[in-house]
file structure02.cif (mmCIF, C-alpha atoms, pLDDT in the B column; chains and numbers go by the auth columns)
data_start
loop_
_atom_site.group_PDB
_atom_site.id
_atom_site.type_symbol
_atom_site.label_atom_id
_atom_site.label_comp_id
_atom_site.label_asym_id
_atom_site.label_seq_id
_atom_site.Cartn_x
_atom_site.Cartn_y
_atom_site.Cartn_z
_atom_site.B_iso_or_equiv
_atom_site.auth_seq_id
_atom_site.auth_asym_id
ATOM 1 C CA MET A 1 136.075 161.804 36.880 81.00 1 C
ATOM 2 C CA TYR A 2 134.420 160.858 40.163 82.00 2 C
ATOM 3 C CA ALA A 3 136.097 157.441 40.098 84.00 3 C
ATOM 4 C CA LEU A 4 139.493 159.152 39.838 82.00 4 C
ATOM 5 C CA ALA A 5 138.556 161.585 42.615 83.00 5 C
ATOM 6 C CA ASN A 6 137.489 158.685 44.853 81.00 6 C
ATOM 7 C CA ILE A 7 140.787 156.854 44.265 84.00 7 C
ATOM 8 C CA ALA A 8 142.677 160.061 45.084 83.00 8 C
ATOM 9 C CA ALA A 9 140.640 160.428 48.304 81.00 9 C
ATOM 10 C CA GLN A 10 141.331 156.812 49.298 80.00 10 C
ATOM 11 C CA ASN A 11 145.043 157.245 48.605 78.00 11 C
ATOM 12 C CA SER A 12 144.966 160.344 50.829 81.00 12 C
ATOM 13 C CA SER A 13 143.479 158.331 53.712 76.00 13 C
ATOM 14 C CA TYR A 14 140.373 160.482 53.927 81.00 14 C
ATOM 15 C CA GLU A 15 137.521 159.041 55.964 78.00 15 C
ATOM 16 C CA GLU A 16 135.072 156.986 53.944 78.00 16 C
ATOM 17 C CA LYS A 17 132.365 159.673 53.798 89.00 17 C
ATOM 18 C CA HIS A 18 134.704 162.659 53.276 88.00 18 C
ATOM 19 C CA THR A 19 133.706 163.252 49.659 91.00 19 C
ATOM 20 C CA GLU A 20 129.976 163.020 50.347 94.00 20 C
ATOM 21 C CA ARG A 21 130.298 165.337 53.355 96.00 21 C
ATOM 22 C CA LEU A 22 132.295 167.825 51.283 96.00 22 C
ATOM 23 C CA LYS A 23 129.668 167.803 48.525 96.00 23 C
ATOM 24 C CA TYR A 24 126.723 168.216 50.910 98.00 24 C
ATOM 25 C CA ASN A 25 128.369 170.842 53.118 98.00 25 C
ATOM 26 C CA CYS A 26 129.452 172.988 50.150 98.00 26 C
ATOM 27 C CA GLN A 27 125.838 172.993 48.979 98.00 27 C
ATOM 28 C CA ILE A 28 124.598 174.013 52.456 98.00 28 C
ATOM 29 C CA LEU A 29 127.151 176.822 52.787 98.00 29 C
ATOM 30 C CA ALA A 30 126.382 178.119 49.290 98.00 30 C
ATOM 31 C CA GLN A 31 122.658 178.140 50.137 98.00 31 C
ATOM 32 C CA GLY A 32 123.397 180.111 53.302 98.00 32 C
ATOM 33 C CA MET A 33 125.487 182.561 51.300 98.00 33 C
ATOM 34 C CA GLN A 34 122.675 182.966 48.755 98.00 34 C
ATOM 35 C CA LEU A 35 120.495 184.316 51.563 97.00 35 C
ATOM 36 C CA SER A 36 123.115 186.854 52.710 97.00 36 C
ATOM 37 C CA LEU A 37 123.434 190.490 51.672 95.00 37 C
ATOM 38 C CA GLN A 38 127.134 190.080 50.765 95.00 38 C
ATOM 39 C CA PHE A 39 126.711 187.139 48.396 97.00 39 C
ATOM 40 C CA GLY A 40 123.039 186.945 47.431 95.00 40 C
ATOM 41 C CA ASP A 41 123.648 188.505 44.021 96.00 41 C
ATOM 42 C CA LYS A 42 126.614 186.171 43.314 96.00 42 C
ATOM 43 C CA ILE A 43 125.040 182.829 44.250 97.00 43 C
ATOM 44 C CA SER A 44 122.344 181.491 41.934 97.00 44 C
ATOM 45 C CA ASP A 45 120.522 178.186 42.173 97.00 45 C
ATOM 46 C CA THR A 46 122.670 176.995 39.262 96.00 46 C
ATOM 47 C CA PHE A 47 125.841 177.976 41.167 97.00 47 C
ATOM 48 C CA ILE A 48 124.668 175.907 44.153 98.00 48 C
ATOM 49 C CA ASP A 49 123.967 172.878 41.962 97.00 49 C
ATOM 50 C CA THR A 50 127.314 173.280 40.195 97.00 50 C
ATOM 51 C CA ILE A 51 129.410 173.597 43.355 97.00 51 C
ATOM 52 C CA GLU A 52 127.707 170.527 44.795 96.00 52 C
ATOM 53 C CA LEU A 53 128.802 168.536 41.733 95.00 53 C
ATOM 54 C CA ALA A 54 132.240 170.140 41.336 96.00 54 C
ATOM 55 C CA ALA A 55 133.477 170.181 44.962 97.00 55 C
ATOM 56 C CA PRO A 56 134.267 166.438 45.124 95.00 56 C
ATOM 57 C CA LEU A 57 136.795 166.932 42.313 95.00 57 C
ATOM 58 C CA CYS A 58 138.944 169.366 44.339 96.00 58 C
ATOM 59 C CA ASP A 59 141.667 166.817 45.070 95.00 59 C
ATOM 60 C CA ILE A 60 141.451 164.840 41.809 95.00 60 C
ATOM 61 C CA GLY A 61 145.060 165.861 41.098 96.00 61 C
ATOM 62 C CA LYS A 62 146.221 163.652 43.966 95.00 62 C
ATOM 63 C CA ILE A 63 145.743 160.761 41.536 93.00 63 C
ATOM 64 C CA GLY A 64 149.131 161.887 40.183 93.00 64 C
ATOM 65 C CA ILE A 65 150.860 161.844 43.605 95.00 65 C
ATOM 66 C CA SER A 66 152.409 158.678 44.998 93.00 66 C
ATOM 67 C CA LYS A 67 150.517 156.927 47.772 92.00 67 C
ATOM 68 C CA GLU A 68 153.730 156.792 49.819 93.00 68 C
ATOM 69 C CA ILE A 69 153.923 160.585 49.957 95.00 69 C
ATOM 70 C CA LEU A 70 150.178 161.074 50.506 93.00 70 C
ATOM 71 C CA GLN A 71 150.125 158.624 53.419 91.00 71 C
ATOM 72 C CA LYS A 72 153.483 159.510 54.959 92.00 72 C
ATOM 73 C CA ARG A 73 153.122 159.907 58.735 89.00 73 C
ATOM 74 C CA THR A 74 156.481 161.547 59.412 94.00 74 C
ATOM 75 C CA THR A 75 157.424 165.119 58.551 95.00 75 C
ATOM 76 C CA LEU A 76 157.466 165.794 54.835 95.00 76 C
ATOM 77 C CA THR A 77 160.595 167.165 53.166 96.00 77 C
ATOM 78 C CA GLU A 78 160.381 170.426 51.202 97.00 78 C
ATOM 79 C CA GLU A 79 160.463 168.402 47.990 97.00 79 C
ATOM 80 C CA GLU A 80 157.578 166.186 49.181 96.00 80 C
ATOM 81 C CA ILE A 81 155.543 169.246 50.171 96.00 81 C
ATOM 82 C CA ALA A 82 156.083 170.679 46.679 97.00 82 C
ATOM 83 C CA VAL A 83 154.954 167.376 45.156 97.00 83 C
ATOM 84 C CA ILE A 84 151.770 167.342 47.242 96.00 84 C
ATOM 85 C CA GLN A 85 151.073 170.991 46.422 97.00 85 C
ATOM 86 C CA SER A 86 151.310 170.151 42.725 98.00 86 C
ATOM 87 C CA HIS A 87 147.993 168.277 43.002 97.00 87 C
ATOM 88 C CA THR A 88 146.237 171.581 42.352 98.00 88 C
ATOM 89 C CA THR A 89 147.888 172.109 38.974 98.00 89 C
ATOM 90 C CA ILE A 90 147.779 168.413 38.050 97.00 90 C
ATOM 91 C CA GLY A 91 144.038 168.322 38.727 96.00 91 C
ATOM 92 C CA ALA A 92 143.351 171.575 36.883 96.00 92 C
ATOM 93 C CA LYS A 93 145.310 170.313 33.857 95.00 93 C
ATOM 94 C CA LEU A 94 143.398 167.024 33.875 93.00 94 C
ATOM 95 C CA LEU A 95 140.086 168.893 33.883 93.00 95 C
ATOM 96 C CA GLU A 96 141.280 171.399 31.262 91.00 96 C
ATOM 97 C CA ASP A 97 142.158 168.477 28.993 88.00 97 C
ATOM 98 C CA LEU A 98 138.548 167.279 29.308 80.00 98 C
ATOM 99 C CA HIS A 99 137.346 170.692 28.182 71.00 99 C
ATOM 100 C CA VAL A 100 138.497 170.114 24.613 65.00 100 C
ATOM 101 C CA ASN A 101 136.186 172.389 22.682 63.00 101 C
ATOM 102 C CA ASN A 102 135.297 176.029 23.032 56.00 102 C
ATOM 103 C CA ASP A 103 131.771 175.409 24.294 59.00 103 C
ATOM 104 C CA TYR A 104 131.181 177.025 27.667 61.00 104 C
ATOM 105 C CA ASN A 105 130.700 174.411 30.337 84.00 105 C
ATOM 106 C CA GLU A 106 130.023 175.887 33.781 88.00 106 C
ATOM 107 C CA PHE A 107 130.595 172.573 35.554 92.00 107 C
ATOM 108 C CA ILE A 108 134.078 172.070 34.064 92.00 108 C
ATOM 109 C CA SER A 109 135.010 175.755 34.509 93.00 109 C
ATOM 110 C CA THR A 110 133.934 175.723 38.162 96.00 110 C
ATOM 111 C CA SER A 111 135.680 172.377 38.723 96.00 111 C
ATOM 112 C CA ILE A 112 138.907 173.823 37.310 96.00 112 C
ATOM 113 C CA ASP A 113 138.603 176.934 39.521 97.00 113 C
ATOM 114 C CA ILE A 114 138.047 174.783 42.600 98.00 114 C
ATOM 115 C CA THR A 115 140.749 172.253 41.814 98.00 115 C
ATOM 116 C CA ARG A 116 143.404 174.871 41.058 98.00 116 C
ATOM 117 C CA SER A 117 142.547 177.428 43.744 98.00 117 C
ATOM 118 C CA HIS A 118 141.121 175.676 46.826 98.00 118 C
ATOM 119 C CA HIS A 119 144.494 176.040 48.598 98.00 119 C
ATOM 120 C CA GLU A 120 144.797 179.762 47.905 98.00 120 C
ATOM 121 C CA ASN A 121 144.637 181.806 51.114 98.00 121 C
ATOM 122 C CA TRP A 122 142.686 185.012 51.678 98.00 122 C
ATOM 123 C CA ASP A 123 145.909 186.837 52.617 98.00 123 C
ATOM 124 C CA GLY A 124 147.770 185.659 49.490 98.00 124 C
ATOM 125 C CA SER A 125 149.960 183.082 51.238 98.00 125 C
ATOM 126 C CA GLY A 126 148.435 180.028 49.538 98.00 126 C
ATOM 127 C CA TYR A 127 149.316 178.085 46.409 98.00 127 C
ATOM 128 C CA PRO A 128 149.744 177.561 43.477 98.00 128 C
ATOM 129 C CA ASP A 129 149.325 181.167 42.278 98.00 129 C
ATOM 130 C CA GLY A 130 149.446 183.272 45.455 98.00 130 C
ATOM 131 C CA LEU A 131 145.984 184.695 44.744 98.00 131 C
ATOM 132 C CA LYS A 132 144.616 187.049 47.375 98.00 132 C
ATOM 133 C CA GLY A 133 141.144 188.074 48.525 98.00 133 C
ATOM 134 C CA LYS A 134 138.574 188.363 45.772 97.00 134 C
ATOM 135 C CA GLU A 135 141.115 187.187 43.180 98.00 135 C
ATOM 136 C CA ILE A 136 140.327 183.676 44.458 98.00 136 C
ATOM 137 C CA PRO A 137 137.321 182.181 42.647 98.00 137 C
ATOM 138 C CA LEU A 138 134.274 182.194 44.926 98.00 138 C
ATOM 139 C CA ALA A 139 133.669 178.446 44.509 98.00 139 C
ATOM 140 C CA ALA A 140 137.255 177.746 45.603 98.00 140 C
ATOM 141 C CA GLN A 141 136.785 179.964 48.675 98.00 141 C
ATOM 142 C CA ILE A 142 133.742 177.914 49.682 98.00 142 C
ATOM 143 C CA VAL A 143 135.545 174.609 49.167 98.00 143 C
ATOM 144 C CA SER A 144 138.530 175.860 51.179 98.00 144 C
ATOM 145 C CA VAL A 145 136.336 176.533 54.217 98.00 145 C
ATOM 146 C CA ILE A 146 134.327 173.327 53.938 98.00 146 C
ATOM 147 C CA SER A 147 137.301 171.102 53.133 97.00 147 C
ATOM 148 C CA THR A 148 139.020 172.297 56.286 97.00 148 C
ATOM 149 C CA TYR A 149 135.848 171.783 58.321 98.00 149 C
ATOM 150 C CA CYS A 150 135.375 168.252 56.953 96.00 150 C
ATOM 151 C CA THR A 151 139.000 167.316 57.665 94.00 151 C
ATOM 152 C CA LEU A 152 138.865 168.672 61.215 96.00 152 C
ATOM 153 C CA THR A 153 135.546 167.020 62.077 96.00 153 C
ATOM 154 C CA GLY A 154 136.331 163.838 60.131 93.00 154 C
ATOM 155 C CA GLU A 155 139.916 162.606 59.980 89.00 155 C
ATOM 156 C CA GLU A 156 141.041 164.712 62.948 93.00 156 C
ATOM 157 C CA ASN A 157 137.926 163.912 65.013 94.00 157 C
ATOM 158 C CA TYR A 158 137.244 167.404 66.432 97.00 158 C
ATOM 159 C CA SER A 159 133.732 168.402 67.453 97.00 159 C
ATOM 160 C CA ARG A 160 131.907 171.058 65.424 97.00 160 C
ATOM 161 C CA GLU A 161 132.646 173.673 68.092 97.00 161 C
ATOM 162 C CA GLU A 162 136.339 172.749 68.316 98.00 162 C
ATOM 163 C CA ALA A 163 136.718 172.796 64.529 98.00 163 C
ATOM 164 C CA LEU A 164 135.133 176.233 64.225 98.00 164 C
ATOM 165 C CA ALA A 165 137.338 177.582 67.042 98.00 165 C
ATOM 166 C CA ILE A 166 140.430 176.320 65.223 98.00 166 C
ATOM 167 C CA MET A 167 139.202 177.787 61.938 98.00 167 C
ATOM 168 C CA ARG A 168 138.343 181.147 63.530 98.00 168 C
ATOM 169 C CA LYS A 169 142.068 181.703 64.105 98.00 169 C
ATOM 170 C CA GLN A 170 142.549 181.443 60.327 98.00 170 C
ATOM 171 C CA SER A 171 139.634 183.711 59.360 98.00 171 C
ATOM 172 C CA GLY A 172 140.986 186.642 57.360 97.00 172 C
ATOM 173 C CA ILE A 173 144.265 184.785 56.857 98.00 173 C
ATOM 174 C CA ARG A 174 143.328 181.524 55.228 98.00 174 C
ATOM 175 C CA PHE A 175 139.588 182.071 54.747 98.00 175 C
ATOM 176 C CA ASN A 176 137.337 184.868 53.565 98.00 176 C
ATOM 177 C CA PRO A 177 136.033 186.169 56.928 98.00 177 C
ATOM 178 C CA ASP A 178 132.534 186.820 55.536 98.00 178 C
ATOM 179 C CA ILE A 179 132.218 183.245 54.256 98.00 179 C
ATOM 180 C CA PHE A 180 133.574 181.872 57.518 98.00 180 C
ATOM 181 C CA GLU A 181 130.979 183.847 59.528 98.00 181 C
ATOM 182 C CA ILE A 182 128.162 182.458 57.376 98.00 182 C
ATOM 183 C CA CYS A 183 129.645 178.987 57.879 98.00 183 C
ATOM 184 C CA CYS A 184 129.470 179.513 61.645 98.00 184 C
ATOM 185 C CA LYS A 185 125.848 180.646 61.437 98.00 185 C
ATOM 186 C CA ILE A 186 124.755 177.569 59.453 98.00 186 C
ATOM 187 C CA SER A 187 127.169 175.107 61.069 97.00 187 C
ATOM 188 C CA ARG A 188 124.419 173.108 62.811 97.00 188 C
ATOM 189 C CA GLN A 189 123.198 172.094 59.348 98.00 189 C
ATOM 190 C CA LEU A 190 126.608 170.702 58.359 97.00 190 C
ATOM 191 C CA CYS A 191 127.314 167.010 58.616 94.00 191 C
#

call {"tool": "encode", "arguments": {"input": "structure02.cif", "output": "structure tokens"}}
result
Amino acid sequence: MYALANIAAQNSSYEEKHTERLKYNCQILAQGMQLSLQFGDKISDTFIDTIELAAPLCDIGKIGISKEILQKRTTLTEEEIAVIQSHTTIGAKLLEDLHVNNDYNEFISTSIDITRSHHENWDGSGYPDGLKGKEIPLAAQIVSVISTYCTLTGEENYSREEALAIMRKQSGIRFNPDIFEICCKISRQLC
């Protein structure tokens, strides 16, 4: 699974350490949330370990998207945007197919939640299902914040302060504002 996720990341022109940064930073944010009043009862040590392992699979569905579309530098057409957005459902289906028996597997379940829902927005404007607020799985909310942070400070080369200022404008729209505030508080620990 990780080999497929790494190929998808390379095809998407992510920086070399994007996946490792995503994994580490999701763990750090989840640990910070575990110490908060809002999320302490929802974040266990097992959850932290699981999100660290599952986060790198968030874009595994991009393995099913052509490299030409993923690396296109000009404006995407509506059809191309729809193709790129389908990576969430492609990835979730791939992971669901791995979950062939009825045994409960927290890693696969969390990976599916993240892969399908990490582009859902707090205000309901995201995709693929238009989930809103607490309808969005908590692990996917964490990955949404950290994925954006990693892209801004990695591929887009913004400083930590600049990235957080950009993200603040999306707090309550794209991101859970409580998670974003915890992210700001622990941001010096992020890589």

call {"tool": "closest_residue", "arguments": {"input": "structure02.cif", "among": "C:Leu131, C:Cys191, C:Ser171, C:Glu120", "to": "Lys23 in chain C", "atoms": "all atoms listed in the file"}}
result
C:Cys191

call {"tool": "atom_distance", "arguments": {"input": "structure02.cif", "atom1": "CA of Arg174 in chain C", "atom2": "CA of Phe39 in chain C"}}
result
18.8 Å

call {"tool": "axis_aligned_box", "arguments": {"input": "structure02.cif", "around": "range 119-125 of chain C", "padding_each_side": "8 Å", "output": "JSON"}}
result
{"center_x": 146.3, "center_y": 181.4, "center_z": 50.3, "size_x": 23.3, "size_y": 26.8, "size_z": 20.7}

call {"tool": "resolve_selection", "arguments": {"input": "structure02.cif", "expression": "the PyMOL selection byres ((chain C and resi 181) around 12)", "output": "VMD selection string"}}
result
chain C and resid 29 32 to 33 36 38 142 145 164 to 165 167 to 168 170 to 172 175 to 180 182 to 187

call {"tool": "residues_around", "arguments": {"input": "structure02.cif", "residues": "Ile65 in chain C", "least_positions_apart": "5", "cutoff": "8 Å", "atoms": "all atoms listed in the file", "output": "list in words"}}
result
Leu70, Val83, Ile84 and His87 of chain C

call {"tool": "atom_distance", "arguments": {"input": "structure02.cif", "atom1": "CA of Tyr158 in chain C", "atom2": "CA of Lys72 in chain C"}}
result
21.4 Å

call {"tool": "closest_residue", "arguments": {"input": "structure02.cif", "among": "C:Asp97, C:Glu162, C:Asp113, C:Glu20", "to": "Ser144 in chain C", "atoms": "only C-alpha atoms"}}
result
C:Asp113

call {"tool": "closest_residue", "arguments": {"input": "structure02.cif", "among": "C:Gln34, C:Ser117, C:Thr148, C:Ser159", "to": "Thr88 in chain C", "atoms": "all atoms listed in the file"}}
result
C:Ser117

call {"tool": "atom_distance", "arguments": {"input": "structure02.cif", "atom1": "CA of His118 in chain C", "atom2": "CA of Lys62 in chain C"}}
result
13.4 Å

call {"tool": "closest_residue", "arguments": {"input": "structure02.cif", "among": "C:Asn157, C:Thr115, C:Thr19, C:Asn121", "to": "Ile173 in chain C", "atoms": "all atoms listed in the file"}}
result
C:Asn121

call {"tool": "closest_residue", "arguments": {"input": "structure02.cif", "among": "C:Leu76, C:Ala54, C:Ala92, C:Ala163", "to": "Cys26 in chain C", "atoms": "all atoms listed in the file"}}
result
C:Ala54

call {"tool": "closest_residue", "arguments": {"input": "structure02.cif", "among": "C:Ile166, C:Gly133, C:Gln27, C:Thr110", "to": "Thr151 in chain C", "atoms": "all atoms listed in the file"}}
result
C:Ile166

call {"tool": "residues_around", "arguments": {"input": "structure02.cif", "residues": "Gly130 in chain C", "least_positions_apart": "3", "cutoff": "10 Å", "atoms": "all atoms listed in the file", "output": "list in words"}}
result
Ser117, His119, Glu120, Asn121, Trp122, Asp123, Gly124, Ser125, Gly126, Tyr127, Glu135 and Ile136 of chain C

call {"tool": "residues_around", "arguments": {"input": "structure02.cif", "residues": "Thr46 in chain C", "least_positions_apart": "3", "cutoff": "12 Å", "atoms": "all atoms listed in the file", "output": "ChimeraX atom specification"}}
result
/C:27,30-31,34,42-43,49-54,106-107,110

call {"tool": "residues_around", "arguments": {"input": "structure02.cif", "residues": "Ile112 in chain C", "least_positions_apart": "2", "cutoff": "8 Å", "atoms": "only C-alpha atoms", "output": "list in words"}}
result
Gly91, Ala92, Leu95, Glu96, Ile108, Ser109, Thr110, Ile114, Thr115 and Arg116 of chain C

call {"tool": "resolve_selection", "arguments": {"input": "structure02.cif", "expression": "the PyMOL selection byres ((chain C and resi 12) around 12)", "output": "mmCIF file with C-alpha atoms, keeping the file's coordinate frame"}}
result
data_model
loop_
_atom_site.group_PDB
_atom_site.id
_atom_site.type_symbol
_atom_site.label_atom_id
_atom_site.label_comp_id
_atom_site.auth_asym_id
_atom_site.auth_seq_id
_atom_site.Cartn_x
_atom_site.Cartn_y
_atom_site.Cartn_z
ATOM 1 C CA ALA C 5 138.556 161.585 42.615
ATOM 2 C CA ASN C 6 137.489 158.685 44.853
ATOM 3 C CA ILE C 7 140.787 156.854 44.265
ATOM 4 C CA ALA C 8 142.677 160.061 45.084
ATOM 5 C CA ALA C 9 140.640 160.428 48.304
ATOM 6 C CA GLN C 10 141.331 156.812 49.298
ATOM 7 C CA ASN C 11 145.043 157.245 48.605
ATOM 8 C CA SER C 13 143.479 158.331 53.712
ATOM 9 C CA TYR C 14 140.373 160.482 53.927
ATOM 10 C CA GLU C 15 137.521 159.041 55.964
ATOM 11 C CA GLU C 16 135.072 156.986 53.944
ATOM 12 C CA HIS C 18 134.704 162.659 53.276
ATOM 13 C CA THR C 19 133.706 163.252 49.659
ATOM 14 C CA ASP C 59 141.667 166.817 45.070
ATOM 15 C CA ILE C 60 141.451 164.840 41.809
ATOM 16 C CA GLY C 61 145.060 165.861 41.098
ATOM 17 C CA LYS C 62 146.221 163.652 43.966
ATOM 18 C CA ILE C 63 145.743 160.761 41.536
ATOM 19 C CA GLY C 64 149.131 161.887 40.183
ATOM 20 C CA ILE C 65 150.860 161.844 43.605
ATOM 21 C CA SER C 66 152.409 158.678 44.998
ATOM 22 C CA LYS C 67 150.517 156.927 47.772
ATOM 23 C CA GLU C 68 153.730 156.792 49.819
ATOM 24 C CA ILE C 69 153.923 160.585 49.957
ATOM 25 C CA LEU C 70 150.178 161.074 50.506
ATOM 26 C CA GLN C 71 150.125 158.624 53.419
ATOM 27 C CA LYS C 72 153.483 159.510 54.959
ATOM 28 C CA ARG C 73 153.122 159.907 58.735
ATOM 29 C CA ILE C 84 151.770 167.342 47.242
ATOM 30 C CA HIS C 87 147.993 168.277 43.002
ATOM 31 C CA THR C 151 139.000 167.316 57.665
ATOM 32 C CA GLU C 155 139.916 162.606 59.980
#

call {"tool": "build_atoms", "arguments": {"input": "structure02.cif", "residues": "range 34-55 of chain C", "atoms": "N, CA, C and O atoms", "output": "PDB file, in the coordinates of the input"}}
result
ATOM      1  N   GLN C  34     123.674 182.428  49.679  1.00 98.00           N
ATOM      2  CA  GLN C  34     122.675 182.966  48.755  1.00 98.00           C
ATOM      3  C   GLN C  34     121.680 183.849  49.502  1.00 98.00           C
ATOM      4  O   GLN C  34     121.153 184.811  48.945  1.00 98.00           O
ATOM      5  N   LEU C  35     121.447 183.555  50.763  1.00 97.00           N
ATOM      6  CA  LEU C  35     120.495 184.316  51.563  1.00 97.00           C
ATOM      7  C   LEU C  35     121.119 185.533  52.240  1.00 97.00           C
ATOM      8  O   LEU C  35     120.437 186.273  52.941  1.00 97.00           O
ATOM      9  N   SER C  36     122.426 185.739  52.053  1.00 97.00           N
ATOM     10  CA  SER C  36     123.115 186.854  52.710  1.00 97.00           C
ATOM     11  C   SER C  36     123.141 188.088  51.812  1.00 97.00           C
ATOM     12  O   SER C  36     123.027 187.991  50.591  1.00 97.00           O
ATOM     13  N   LEU C  37     123.318 189.245  52.432  1.00 95.00           N
ATOM     14  CA  LEU C  37     123.434 190.490  51.672  1.00 95.00           C
ATOM     15  C   LEU C  37     124.732 190.532  50.869  1.00 95.00           C
ATOM     16  O   LEU C  37     124.759 191.032  49.755  1.00 95.00           O
ATOM     17  N   GLN C  38     125.832 190.005  51.439  1.00 95.00           N
ATOM     18  CA  GLN C  38     127.134 190.080  50.765  1.00 95.00           C
ATOM     19  C   GLN C  38     127.194 189.238  49.500  1.00 95.00           C
ATOM     20  O   GLN C  38     127.879 189.599  48.544  1.00 95.00           O
ATOM     21  N   PHE C  39     126.524 188.091  49.490  1.00 97.00           N
ATOM     22  CA  PHE C  39     126.711 187.139  48.396  1.00 97.00           C
ATOM     23  C   PHE C  39     125.440 186.804  47.632  1.00 97.00           C
ATOM     24  O   PHE C  39     125.508 186.088  46.638  1.00 97.00           O
ATOM     25  N   GLY C  40     124.307 187.302  48.059  1.00 95.00           N
ATOM     26  CA  GLY C  40     123.039 186.945  47.431  1.00 95.00           C
ATOM     27  C   GLY C  40     123.008 187.159  45.931  1.00 95.00           C
ATOM     28  O   GLY C  40     122.434 186.355  45.191  1.00 95.00           O
ATOM     29  N   ASP C  41     123.655 188.224  45.459  1.00 96.00           N
ATOM     30  CA  ASP C  41     123.648 188.505  44.021  1.00 96.00           C
ATOM     31  C   ASP C  41     124.690 187.684  43.251  1.00 96.00           C
ATOM     32  O   ASP C  41     124.706 187.687  42.028  1.00 96.00           O
ATOM     33  N   LYS C  42     125.557 186.960  43.958  1.00 96.00           N
ATOM     34  CA  LYS C  42     126.614 186.171  43.314  1.00 96.00           C
ATOM     35  C   LYS C  42     126.306 184.678  43.286  1.00 96.00           C
ATOM     36  O   LYS C  42     126.955 183.922  42.579  1.00 96.00           O
ATOM     37  N   ILE C  43     125.346 184.260  44.098  1.00 97.00           N
ATOM     38  CA  ILE C  43     125.040 182.829  44.250  1.00 97.00           C
ATOM     39  C   ILE C  43     123.647 182.542  43.685  1.00 97.00           C
ATOM     40  O   ILE C  43     122.645 182.905  44.287  1.00 97.00           O
ATOM     41  N   SER C  44     123.617 181.889  42.545  1.00 97.00           N
ATOM     42  CA  SER C  44     122.344 181.491  41.934  1.00 97.00           C
ATOM     43  C   SER C  44     122.052 180.033  42.290  1.00 97.00           C
ATOM     44  O   SER C  44     122.914 179.321  42.808  1.00 97.00           O
ATOM     45  N   ASP C  45     120.855 179.597  41.977  1.00 97.00           N
ATOM     46  CA  ASP C  45     120.522 178.186  42.173  1.00 97.00           C
ATOM     47  C   ASP C  45     121.437 177.295  41.333  1.00 97.00           C
ATOM     48  O   ASP C  45     121.856 176.232  41.785  1.00 97.00           O
ATOM     49  N   THR C  46     121.762 177.753  40.135  1.00 96.00           N
ATOM     50  CA  THR C  46     122.670 176.995  39.262  1.00 96.00           C
ATOM     51  C   THR C  46     124.054 176.897  39.889  1.00 96.00           C
ATOM     52  O   THR C  46     124.693 175.837  39.842  1.00 96.00           O
ATOM     53  N   PHE C  47     124.543 177.991  40.491  1.00 97.00           N
ATOM     54  CA  PHE C  47     125.841 177.976  41.167  1.00 97.00           C
ATOM     55  C   PHE C  47     125.833 176.923  42.276  1.00 97.00           C
ATOM     56  O   PHE C  47     126.794 176.165  42.422  1.00 97.00           O
ATOM     57  N   ILE C  48     124.771 176.875  43.049  1.00 98.00           N
ATOM     58  CA  ILE C  48     124.668 175.907  44.153  1.00 98.00           C
ATOM     59  C   ILE C  48     124.715 174.478  43.613  1.00 98.00           C
ATOM     60  O   ILE C  48     125.456 173.639  44.132  1.00 98.00           O
ATOM     61  N   ASP C  49     123.949 174.212  42.565  1.00 97.00           N
ATOM     62  CA  ASP C  49     123.967 172.878  41.962  1.00 97.00           C
ATOM     63  C   ASP C  49     125.353 172.535  41.428  1.00 97.00           C
ATOM     64  O   ASP C  49     125.834 171.410  41.581  1.00 97.00           O
ATOM     65  N   THR C  50     125.996 173.510  40.794  1.00 97.00           N
ATOM     66  CA  THR C  50     127.314 173.280  40.195  1.00 97.00           C
ATOM     67  C   THR C  50     128.372 173.023  41.256  1.00 97.00           C
ATOM     68  O   THR C  50     129.182 172.100  41.114  1.00 97.00           O
ATOM     69  N   ILE C  51     128.386 173.807  42.322  1.00 97.00           N
ATOM     70  CA  ILE C  51     129.410 173.597  43.355  1.00 97.00           C
ATOM     71  C   ILE C  51     129.213 172.253  44.044  1.00 97.00           C
ATOM     72  O   ILE C  51     130.182 171.581  44.399  1.00 97.00           O
ATOM     73  N   GLU C  52     127.968 171.837  44.194  1.00 96.00           N
ATOM     74  CA  GLU C  52     127.707 170.527  44.795  1.00 96.00           C
ATOM     75  C   GLU C  52     128.320 169.414  43.941  1.00 96.00           C
ATOM     76  O   GLU C  52     128.900 168.457  44.469  1.00 96.00           O
ATOM     77  N   LEU C  53     128.239 169.542  42.633  1.00 95.00           N
ATOM     78  CA  LEU C  53     128.802 168.536  41.733  1.00 95.00           C
ATOM     79  C   LEU C  53     130.315 168.666  41.570  1.00 95.00           C
ATOM     80  O   LEU C  53     131.019 167.671  41.404  1.00 95.00           O
ATOM     81  N   ALA C  54     130.824 169.890  41.614  1.00 96.00           N
ATOM     82  CA  ALA C  54     132.240 170.140  41.336  1.00 96.00           C
ATOM     83  C   ALA C  54     133.146 169.960  42.562  1.00 96.00           C
ATOM     84  O   ALA C  54     134.309 169.561  42.415  1.00 96.00           O
ATOM     85  N   ALA C  55     132.650 170.236  43.746  1.00 97.00           N
ATOM     86  CA  ALA C  55     133.477 170.181  44.962  1.00 97.00           C
ATOM     87  C   ALA C  55     134.209 168.856  45.152  1.00 97.00           C
ATOM     88  O   ALA C  55     135.390 168.860  45.528  1.00 97.00           O
TER      89      ALA C  55
END
